[in-house]
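What follows is a set of notes on a single structure, which appears directly below.
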Amino acid sequence: MSFLRRRSATPAGPDFDVLAMDPGDWPGNLGAGLLPAPDGTCQGVFLRYDLFGGRGPAMIIGNLPEGSPAREVPEGQVPFEVGQLLLALENDEEITVVGTEDVPVMQGDNLLIVRRVKLSEGRISCVQFDRSDNVLVTIAAWDRPITDDLYALLKPLPAELFQQG
């Protein structure tokens, strides 16, 4: 998976901090995608972490700012990042949201209210939380639970990581 290019010729990147795991902390491959709007603004960023070195994605972390169309998901439909995970897995099975649960989690000194999204496919774990800047972070993982330890690994990535020349 490579970076998606915006229509403008100028270097492009998100207009907000991207909260994810540092690629240097992940032992596998990393791919990233930008969601461009027609006006060239960034409507979201998602990162695909491949723990297995080319044998399949392990996790997708999305950052979608307020107003991003990818946040507008009909009732019962899976979040954008779950859809991206299914595409990467070449899984075209119909999967729906069967419930949600809000859970308090500490990230450093910050209290997050994490929404655990329960899906009809039990091998997918999915959580969401809102940042103080109204960016929705969604984590979707294949065949591994998302534990509270993961939140300690999340940090803003440098904007240079997303610049294109």
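Order determines the names: the first chain of the structure tokens is A, the second B, and so forth; residues in each chain are numbered 1 upward, and ligands are numbered 1 upward as they are shown.
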
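All residues in segment 4-165 of chain A with a DSSP state of alpha helix (DSSP H), computed from the backbone, read Phe80, Glu81, Val82, Gly83, Gln84, Leu85, Leu86, Leu87, Ala88, Asp149, Leu150, Tyr151, Ala152 and Leu153 of chain A.
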
- Got a sec: who's within 12 Å of Leu47 of chain A, counting only C-alpha atoms, leaving out chain neighbours fewer than 6 positions off, as a ChimeraX atom specification? /A:1-4,18-23,26,29-35,57-64,81,84-85,88,137-141,157,161-162

- Identify which of the residues A:Thr41, A:Gln107, A:Ser68, A:Asn91 lies closest to Ile124 of chain A, counting only C-alpha atoms when measuring atom-to-atom distances.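 With only C-alpha atoms as the atom set, the closest residue is A:Asn91.
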
- For Gly108 of chain A, which of A:Asp133, A:Gly67, A:Asp149, A:Ile95 is the closest residue, counting only C-alpha atoms?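 Closest residue, counting only C-alpha atoms: A:Asp149.
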
- Note on the structure: Thr96 of chain A proximity check over A:Cys42, A:Arg115, A:Cys126, A:Ala70, using only C-alpha atoms: winner is A:Cys126

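Residues of segment 75-108 of chain A that DSSP places in strand (DSSP E or B), based on the backbone of this structure, are A:Val97, A:Val98, A:Gly99, A:Thr100, A:Glu101, A:Asp102, A:Val103, A:Pro104, A:Val105, A:Met106, A:Gln107.
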
- Message: Nearest residue to Pro158 of chain A out of A:Glu75, A:Asp143, A:Asp15, A:Glu90, using only C-alpha atoms?
- Response: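 For Pro158 of chain A, the nearest of the candidates is A:Asp15.
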
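For the atom pair formed by atom CA of Gln43 of chain A and atom CA of Val127 of chain A, the distance is 19.8 Å, given to one decimal.
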
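Each of A:Asn110, A:Gln128, A:Gln77, A:Ser120 was checked against Ile146 of chain A using only C-alpha atoms; the smallest atom-to-atom distance is that of A:Gln128.
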